$ cat final.pdb   # PDB, C-alpha atoms
ATOM      1  CA  MET C   1      15.585 -26.647  -8.395
ATOM      2  CA  GLY C   2      15.808 -29.784  -6.328
ATOM      3  CA  GLN C   3      14.086 -33.127  -6.082
ATOM      4  CA  ASN C   4      10.440 -33.794  -6.799
ATOM      5  CA  THR C   5       7.876 -32.617  -4.265
ATOM      6  CA  ASP C   6       4.159 -33.304  -4.417
ATOM      7  CA  LEU C   7       2.852 -29.800  -4.954
ATOM      8  CA  ASP C   8      -0.688 -31.105  -5.276
ATOM      9  CA  ASP C   9      -0.615 -31.617  -1.503
ATOM     10  CA  VAL C  10       0.262 -27.987  -0.755
ATOM     11  CA  ILE C  11      -2.393 -26.533   1.531
ATOM     12  CA  VAL C  12      -2.245 -22.825   2.304
ATOM     13  CA  ASP C  13      -4.919 -20.671   3.858
ATOM     14  CA  GLU C  14      -5.282 -16.910   3.827
ATOM     15  CA  SER C  15      -3.790 -16.624   7.315
ATOM     16  CA  LYS C  16      -0.410 -17.386   5.703
ATOM     17  CA  ILE C  17      -0.496 -13.963   4.011
ATOM     18  CA  ILE C  18       1.121 -11.599   6.515
ATOM     19  CA  HIS C  19       0.198  -7.947   6.079
ATOM     20  CA  VAL C  20       2.939  -5.382   6.652
ATOM     21  CA  TRP C  21       2.260  -1.698   7.334
ATOM     22  CA  LYS C  22       4.626   0.972   8.604
ATOM     23  CA  GLU C  23       4.144  -0.042  12.249
ATOM     24  CA  ASN C  24       5.416  -3.624  11.745
ATOM     25  CA  LEU C  25       7.947  -3.077   8.927
ATOM     26  CA  ASP C  26      11.042  -3.445  11.139
ATOM     27  CA  GLU C  27       9.710  -6.610  12.745
ATOM     28  CA  ALA C  28       8.794  -8.082   9.347
ATOM     29  CA  PHE C  29      12.266  -7.640   7.882
ATOM     30  CA  LYS C  30      13.940  -9.097  10.967
ATOM     31  CA  GLU C  31      11.943 -12.265  10.376
ATOM     32  CA  ILE C  32      12.399 -12.242   6.591
ATOM     33  CA  SER C  33      16.182 -11.933   6.981
ATOM     34  CA  GLN C  34      16.103 -15.276   8.795
ATOM     35  CA  ILE C  35      13.628 -16.927   6.429
ATOM     36  CA  VAL C  36      15.750 -16.250   3.339
ATOM     37  CA  THR C  37      18.688 -18.158   4.811
ATOM     38  CA  THR C  38      16.756 -21.414   4.306
ATOM     39  CA  HIS C  39      14.062 -20.505   1.748
ATOM     40  CA  THR C  40      15.969 -18.877  -1.071
ATOM     41  CA  TYR C  41      13.301 -18.831  -3.794
ATOM     42  CA  VAL C  42      11.447 -15.513  -3.577
ATOM     43  CA  ALA C  43       8.346 -15.093  -5.723
ATOM     44  CA  MET C  44       7.458 -11.438  -6.205
ATOM     45  CA  ASP C  45       4.501  -9.411  -7.423
ATOM     46  CA  THR C  46       3.610  -5.736  -7.147
ATOM     47  CA  GLU C  47       0.509  -3.630  -7.548
ATOM     48  CA  PHE C  48       0.860  -0.144  -8.979
ATOM     49  CA  PRO C  49      -1.571   2.563 -10.150
ATOM     50  CA  GLY C  50      -1.668   1.638 -13.829
ATOM     51  CA  VAL C  51      -0.096   3.192 -16.904
ATOM     52  CA  VAL C  52      -0.641   6.930 -17.231
ATOM     53  CA  ALA C  53       1.968   8.021 -19.800
ATOM     54  CA  ARG C  54       3.327   6.963 -23.184
ATOM     55  CA  PRO C  55       6.639   8.121 -24.645
ATOM     56  CA  TYR C  56       6.788   9.887 -27.976
ATOM     57  CA  GLY C  57       9.535  10.172 -30.570
ATOM     58  CA  THR C  58      11.593   7.696 -32.572
ATOM     59  CA  PHE C  59      12.556   4.365 -31.019
ATOM     60  CA  ARG C  60      15.221   1.878 -32.059
ATOM     61  CA  SER C  61      12.944  -1.116 -31.510
ATOM     62  CA  HIS C  62       9.696  -2.217 -29.918
ATOM     63  CA  THR C  63      11.548  -3.224 -26.752
ATOM     64  CA  ASP C  64      13.093   0.268 -26.643
ATOM     65  CA  TYR C  65       9.568   1.708 -26.770
ATOM     66  CA  LEU C  66       8.471  -0.653 -23.986
ATOM     67  CA  TYR C  67      11.443   0.355 -21.854
ATOM     68  CA  GLN C  68      10.733   4.057 -22.324
ATOM     69  CA  THR C  69       7.090   3.386 -21.385
ATOM     70  CA  LEU C  70       8.336   1.569 -18.292
ATOM     71  CA  LYS C  71      10.656   4.416 -17.380
ATOM     72  CA  CYS C  72       8.215   7.291 -17.760
ATOM     73  CA  ASN C  73       5.534   5.519 -15.707
ATOM     74  CA  VAL C  74       7.788   4.196 -12.944
ATOM     75  CA  ASP C  75       9.411   7.618 -12.617
ATOM     76  CA  LEU C  76       5.987   9.261 -12.219
ATOM     77  CA  LEU C  77       4.123   6.750 -10.062
ATOM     78  CA  ARG C  78       4.282   5.068  -6.653
ATOM     79  CA  MET C  79       4.067   1.365  -5.925
ATOM     80  CA  ILE C  80       0.972   0.416  -3.901
ATOM     81  CA  GLN C  81       1.764  -3.148  -2.785
ATOM     82  CA  CYS C  82       4.611  -5.652  -2.974
ATOM     83  CA  GLY C  83       4.113  -9.349  -2.281
ATOM     84  CA  LEU C  84       6.930 -11.787  -1.478
ATOM     85  CA  THR C  85       6.530 -15.564  -1.078
ATOM     86  CA  PHE C  86       9.359 -17.752   0.239
ATOM     87  CA  SER C  87      10.022 -21.395  -0.629
ATOM     88  CA  ASP C  88      12.997 -23.718  -0.682
ATOM     89  CA  GLU C  89      14.534 -25.271  -3.790
ATOM     90  CA  ASN C  90      11.945 -28.062  -3.744
ATOM     91  CA  GLY C  91       9.006 -25.685  -3.686
ATOM     92  CA  ASN C  92       8.260 -26.208  -0.001
ATOM     93  CA  LEU C  93       6.750 -23.037   1.405
ATOM     94  CA  HIS C  94       7.992 -21.558   4.653
ATOM     95  CA  ALA C  95       5.486 -21.730   7.526
ATOM     96  CA  ARG C  96       5.196 -17.928   7.250
ATOM     97  CA  CYS C  97       5.530 -17.876   3.521
ATOM     98  CA  THR C  98       3.814 -14.786   2.103
ATOM     99  CA  TRP C  99       4.337 -11.154   3.052
ATOM    100  CA  GLN C 100       2.243  -8.342   1.604
ATOM    101  CA  PHE C 101       3.747  -4.869   1.992
ATOM    102  CA  HIS C 102       1.333  -1.925   1.871
ATOM    103  CA  PHE C 103       2.907   1.367   0.764
ATOM    104  CA  HIS C 104       1.922   4.941   1.423
ATOM    105  CA  PHE C 105      -0.396   5.993  -1.378
ATOM    106  CA  ASP C 106      -2.776   8.953  -1.293
ATOM    107  CA  LEU C 107      -5.501   9.143  -3.927
ATOM    108  CA  THR C 108      -5.792  12.902  -3.324
ATOM    109  CA  GLN C 109      -2.115  13.590  -4.042
ATOM    110  CA  ASP C 110      -0.576  10.764  -6.068
ATOM    111  CA  ILE C 111      -1.017  10.080  -9.787
ATOM    112  CA  TRP C 112      -3.106   7.110 -10.870
ATOM    113  CA  ALA C 113      -5.132   5.590 -13.707
ATOM    114  CA  SER C 114      -8.823   5.269 -12.896
ATOM    115  CA  ASP C 115      -9.269   1.779 -14.354
ATOM    116  CA  SER C 116      -6.395   0.367 -12.295
ATOM    117  CA  ILE C 117      -7.544   1.968  -9.048
ATOM    118  CA  GLU C 118     -11.098   0.744  -9.619
ATOM    119  CA  LEU C 119      -9.760  -2.793 -10.124
ATOM    120  CA  LEU C 120      -7.740  -2.608  -6.908
ATOM    121  CA  GLN C 121     -10.683  -1.208  -4.957
ATOM    122  CA  LYS C 122     -12.813  -4.118  -6.138
ATOM    123  CA  ALA C 123     -10.020  -6.445  -4.985
ATOM    124  CA  GLY C 124     -10.305  -4.969  -1.495
ATOM    125  CA  VAL C 125      -7.367  -2.543  -1.389
ATOM    126  CA  ASP C 126      -8.003  -0.066   1.460
ATOM    127  CA  PHE C 127      -6.710   3.214   0.059
ATOM    128  CA  GLU C 128      -7.742   5.183   3.139
ATOM    129  CA  ARG C 129      -5.478   2.987   5.248
ATOM    130  CA  HIS C 130      -2.685   3.223   2.661
ATOM    131  CA  ALA C 131      -2.781   7.018   3.026
ATOM    132  CA  LYS C 132      -2.612   6.848   6.837
ATOM    133  CA  GLU C 133      -0.552   3.756   7.634
ATOM    134  CA  GLY C 134       1.315   2.922   4.434
ATOM    135  CA  ILE C 135       5.043   2.155   4.342
ATOM    136  CA  ASP C 136       7.506   4.813   3.236
ATOM    137  CA  ALA C 137       9.147   3.506   0.056
ATOM    138  CA  GLU C 138      12.626   4.730   0.982
ATOM    139  CA  GLU C 139      12.433   2.984   4.348
ATOM    140  CA  PHE C 140      11.340  -0.225   2.611
ATOM    141  CA  GLY C 141      14.282   0.090   0.223
ATOM    142  CA  SER C 142      16.720   0.551   3.103
ATOM    143  CA  HIS C 143      15.462  -2.642   4.721
ATOM    144  CA  LEU C 144      15.433  -4.578   1.445
ATOM    145  CA  ILE C 145      19.024  -3.716   0.571
ATOM    146  CA  VAL C 146      20.394  -5.173   3.844
ATOM    147  CA  SER C 147      17.931  -8.052   4.218
ATOM    148  CA  GLY C 148      19.889 -10.679   2.298
ATOM    149  CA  LEU C 149      17.267 -10.686  -0.472
ATOM    150  CA  THR C 150      19.175  -8.460  -2.894
ATOM    151  CA  LEU C 151      22.774  -8.470  -4.143
ATOM    152  CA  CYS C 152      22.888 -12.200  -3.368
ATOM    153  CA  PRO C 153      23.482 -14.820  -6.110
ATOM    154  CA  GLU C 154      22.080 -17.588  -3.894
ATOM    155  CA  VAL C 155      18.603 -16.013  -3.907
ATOM    156  CA  ARG C 156      16.378 -16.875  -6.878
ATOM    157  CA  TRP C 157      13.666 -14.342  -7.682
ATOM    158  CA  VAL C 158      10.561 -15.671  -9.445
ATOM    159  CA  SER C 159       8.058 -13.428 -11.216
ATOM    160  CA  PHE C 160       5.472 -13.227 -13.972
ATOM    161  CA  HIS C 161       5.775 -10.709 -16.848
ATOM    162  CA  SER C 162       7.601  -8.518 -14.412
ATOM    163  CA  TYR C 163       9.571  -5.735 -16.049
ATOM    164  CA  LEU C 164       7.289  -3.149 -14.440
ATOM    165  CA  ASP C 165       7.533  -4.881 -11.048
ATOM    166  CA  PHE C 166      11.325  -4.897 -11.157
ATOM    167  CA  GLY C 167      11.263  -1.318 -12.410
ATOM    168  CA  TYR C 168       9.508  -0.166  -9.256
ATOM    169  CA  LEU C 169      11.858  -2.167  -7.031
ATOM    170  CA  ILE C 170      14.941  -0.733  -8.749
ATOM    171  CA  LYS C 171      13.568   2.804  -8.377
ATOM    172  CA  ILE C 172      13.096   2.188  -4.647
ATOM    173  CA  LEU C 173      16.467   0.470  -4.157
ATOM    174  CA  SER C 174      18.437   3.096  -6.065
ATOM    175  CA  SER C 175      16.420   6.086  -4.761
ATOM    176  CA  GLN C 176      16.500   7.655  -8.192
ATOM    177  CA  ALA C 177      14.765   7.682 -11.562
ATOM    178  CA  LEU C 178      15.342   4.731 -13.862
ATOM    179  CA  PRO C 179      18.281   4.999 -16.288
ATOM    180  CA  GLU C 180      17.774   6.513 -19.721
ATOM    181  CA  LYS C 181      19.144   3.410 -21.449
ATOM    182  CA  GLU C 182      17.695  -0.080 -21.279
ATOM    183  CA  SER C 183      21.207  -1.538 -21.029
ATOM    184  CA  SER C 184      21.850   0.495 -17.870
ATOM    185  CA  PHE C 185      18.551  -0.735 -16.432
ATOM    186  CA  PHE C 186      19.631  -4.351 -16.987
ATOM    187  CA  ALA C 187      22.987  -3.624 -15.352
ATOM    188  CA  LEU C 188      21.187  -2.431 -12.213
ATOM    189  CA  LEU C 189      18.735  -5.327 -12.403
ATOM    190  CA  ASN C 190      21.524  -7.882 -12.500
ATOM    191  CA  ASP C 191      23.370  -6.161  -9.652
ATOM    192  CA  TYR C 192      20.381  -6.105  -7.317
ATOM    193  CA  PHE C 193      18.868  -9.411  -8.485
ATOM    194  CA  PRO C 194      21.701 -11.656  -9.747
ATOM    195  CA  CYS C 195      19.362 -14.599 -10.430
ATOM    196  CA  PHE C 196      15.759 -14.128 -11.517
ATOM    197  CA  PHE C 197      13.151 -15.971 -13.573
ATOM    198  CA  ASP C 198      10.172 -14.612 -15.499
ATOM    199  CA  ILE C 199       7.518 -17.301 -15.900
ATOM    200  CA  LYS C 200       6.099 -15.497 -18.941
ATOM    201  CA  TYR C 201       9.397 -16.125 -20.740
ATOM    202  CA  ILE C 202       9.732 -19.732 -19.546
ATOM    203  CA  MET C 203       6.194 -20.455 -20.802
ATOM    204  CA  GLN C 204       7.410 -20.168 -24.379
ATOM    205  CA  SER C 205       8.915 -23.628 -23.937
ATOM    206  CA  CYS C 206       5.620 -25.044 -22.609
ATOM    207  CA  GLU C 207       3.268 -25.584 -25.531
ATOM    208  CA  SER C 208       0.047 -25.773 -23.509
ATOM    209  CA  LEU C 209       0.695 -22.677 -21.373
ATOM    210  CA  LYS C 210      -0.599 -19.356 -22.661
ATOM    211  CA  GLY C 211      -2.168 -16.204 -21.258
ATOM    212  CA  GLY C 212      -1.909 -14.381 -17.956
ATOM    213  CA  LEU C 213      -1.162 -15.589 -14.448
ATOM    214  CA  ASN C 214      -4.741 -16.571 -13.643
ATOM    215  CA  ARG C 215      -4.994 -18.643 -16.821
ATOM    216  CA  ILE C 216      -1.677 -20.377 -16.130
ATOM    217  CA  ALA C 217      -2.762 -21.180 -12.585
ATOM    218  CA  GLU C 218      -6.006 -22.647 -13.912
ATOM    219  CA  VAL C 219      -4.214 -24.883 -16.422
ATOM    220  CA  LEU C 220      -1.694 -26.010 -13.789
ATOM    221  CA  ASP C 221      -4.451 -26.551 -11.211
ATOM    222  CA  VAL C 222      -2.866 -24.117  -8.778
ATOM    223  CA  LYS C 223      -5.390 -22.968  -6.183
ATOM    224  CA  ARG C 224      -5.463 -19.273  -5.351
ATOM    225  CA  VAL C 225      -5.399 -18.155  -1.729
ATOM    226  CA  GLY C 226      -6.610 -14.616  -1.108
ATOM    227  CA  PRO C 227      -7.972 -12.101  -3.614
ATOM    228  CA  THR C 228      -6.634 -11.713  -7.135
ATOM    229  CA  HIS C 229      -5.018  -8.335  -7.892
ATOM    230  CA  GLN C 230      -3.458  -8.222  -4.456
ATOM    231  CA  ALA C 231       0.300  -8.651  -4.421
ATOM    232  CA  GLY C 232       0.561 -11.244  -1.660
ATOM    233  CA  SER C 233      -1.904 -13.646  -3.256
ATOM    234  CA  ASP C 234      -0.378 -13.136  -6.701
ATOM    235  CA  SER C 235       3.145 -13.806  -5.408
ATOM    236  CA  LEU C 236       1.928 -17.037  -3.790
ATOM    237  CA  VAL C 237       0.283 -18.168  -7.037
ATOM    238  CA  THR C 238       3.497 -17.261  -8.880
ATOM    239  CA  SER C 239       5.572 -19.425  -6.538
ATOM    240  CA  LEU C 240       3.252 -22.430  -6.777
ATOM    241  CA  ALA C 241       2.963 -22.106 -10.572
ATOM    242  CA  PHE C 242       6.744 -21.920 -11.023
ATOM    243  CA  PHE C 243       7.399 -25.173  -9.189
ATOM    244  CA  LYS C 244       4.413 -26.899 -10.794
ATOM    245  CA  MET C 245       5.807 -25.922 -14.216
ATOM    246  CA  GLY C 246       9.186 -27.261 -13.194
ATOM    247  CA  ARG C 247       7.681 -30.596 -12.271
ATOM    248  CA  LEU C 248       5.382 -31.008 -15.274
ATOM    249  CA  PHE C 249       7.544 -29.607 -18.077
ATOM    250  CA  PHE C 250      11.192 -29.611 -16.938
ATOM    251  CA  GLU C 251      11.649 -32.698 -14.738
ATOM    252  CA  ASN C 252      12.225 -30.396 -11.742
ATOM    253  CA  ASN C 253      15.184 -28.758 -13.445
ATOM    254  CA  ILE C 254      14.515 -25.369 -15.033
ATOM    255  CA  ASP C 255      17.883 -24.641 -16.658
ATOM    256  CA  GLU C 256      19.253 -21.401 -15.210
ATOM    257  CA  SER C 257      21.692 -20.966 -18.084
ATOM    258  CA  LYS C 258      18.743 -20.865 -20.497
ATOM    259  CA  TYR C 259      15.921 -19.266 -18.510
ATOM    260  CA  ALA C 260      17.400 -17.102 -15.750
ATOM    261  CA  GLY C 261      18.176 -13.429 -16.257
ATOM    262  CA  VAL C 262      15.502 -12.761 -18.903
ATOM    263  CA  LEU C 263      12.543 -10.390 -18.634
ATOM    264  CA  TYR C 264       9.725 -11.098 -21.066
ATOM    265  CA  GLY C 265       9.247  -8.047 -23.280
ATOM    266  CA  LEU C 266      12.595  -6.373 -22.659
ATOM    267  CA  GLY C 267      16.143  -7.028 -23.781
ATOM    268  CA  GLN C 268      17.571  -9.148 -26.569
ATOM    269  CA  TYR C 269      15.703 -12.303 -25.566
ATOM    270  CA  GLY C 270      12.616 -10.709 -24.112
ATOM    271  CA  THR C 271      10.022 -11.943 -26.596
TER     272      THR C 271
END

$ encode --input "final.pdb" --output "structure tokens"
Amino acid sequence: MGQNTDLDDVIVDESKIIHVWKENLDEAFKEISQIVTTHTYVAMDTEFPGVVARPYGTFRSHTDYLYQTLKCNVDLLRMIQCGLTFSDENGNLHARCTWQFHFHFDLTQDIWASDSIELLQKAGVDFERHAKEGIDAEEFGSHLIVSGLTLCPEVRWVSFHSYLDFGYLIKILSSQALPEKESSFFALLNDYFPCFFDIKYIMQSCESLKGGLNRIAEVLDVKRVGPTHQAGSDSLVTSLAFFKMGRLFFENNIDESKYAGVLYGLGQYGT
């Protein structure tokens, strides 16, 4: 992270959230490939159809159970949305900062949890349009892998309590089911995303920060743009919250050696 920037002066309106469907996917990634050359902090959020399965058997640890829960659900389900927000090292947002990708998802054919779909419908997700105009996940993965966003140590990914989010991205990027072992999952994660932060983990060093993303944004006085439970808006809040945390708690220097490369809830340092 770089020098101080007055994040209280950040003004973003909903027009900054660019919606991507299958018809403008190619055009979107052409632009994103240029954006990431100057705005290398990528805040990410996804929306998915809930949790529909739980593993059974004997587990080595609680994190092993969480990983197996992650695996069985990601293997079964499809991602619905992915939001990406681009900023520079000082937290300055790009003029076209937030991109919300809408994936093919058909309520009549795909698997979903009713409570999650109801929440997304209330948030304004248009499932009829997703079924007709949604992005093919494999095509998205092909674009993502050559975009300059992945496999690049200079790009910093920022997320909130994101092991499920990264699980879906790894499934799409690898075009296969998640690995059986958590250690193999982390090997893939670190290959595709060499530098990433999970705000939920960083919060443990911030005494006054507790709860979910909306609560953190409220405490940090980060204003939401767009509806909650949509990936573009959530990725924008994640970006603004990350840099506000850096300013208020870490003197604009969140130590990568201490905080990068950790997913809250998984791995040796996950909780």

$ resolve_selection --input "final.pdb" --expression "the PyMOL selection byres ((chain C and resi 240-252) around 10)" --output "PyMOL selection string"
chain C and resi 1-8+10+43+85+87+89-93+158-160+197-199+202-203+205-207+209+213-214+216-224+234-239+253-255

$ atom_distance --input "final.pdb" --atom1 "atom CA of Leu151 of chain C" --atom2 "atom CA of Asp191 of chain C"
6.0 Å

$ resolve_selection --input "final.pdb" --expression "the PyMOL selection byres ((chain C and resi 73-83) around 6)" --output "list in words"
Met44, Asp45, Thr46, Glu47, Phe48, Ala53, Leu70, Lys71, Cys72, Leu84, Trp99, Gln100, Phe101, His102, Phe103, Tyr168, Ala177, Ala231, Gly232 and Ser235 of chain C

$ residues_around --input "final.pdb" --residues "His104 of chain C" --least-positions-apart "3" --cutoff "8 Å" --atoms "all atoms listed in the file" --output "JSON, numbers by chain"
{"C": [80, 130, 131, 132, 133, 134, 135, 136, 137]}

$ atom_distance --input "final.pdb" --atom1 "atom CA of Arg60 of chain C" --atom2 "atom CA of Gly265 of chain C"
14.5 Å
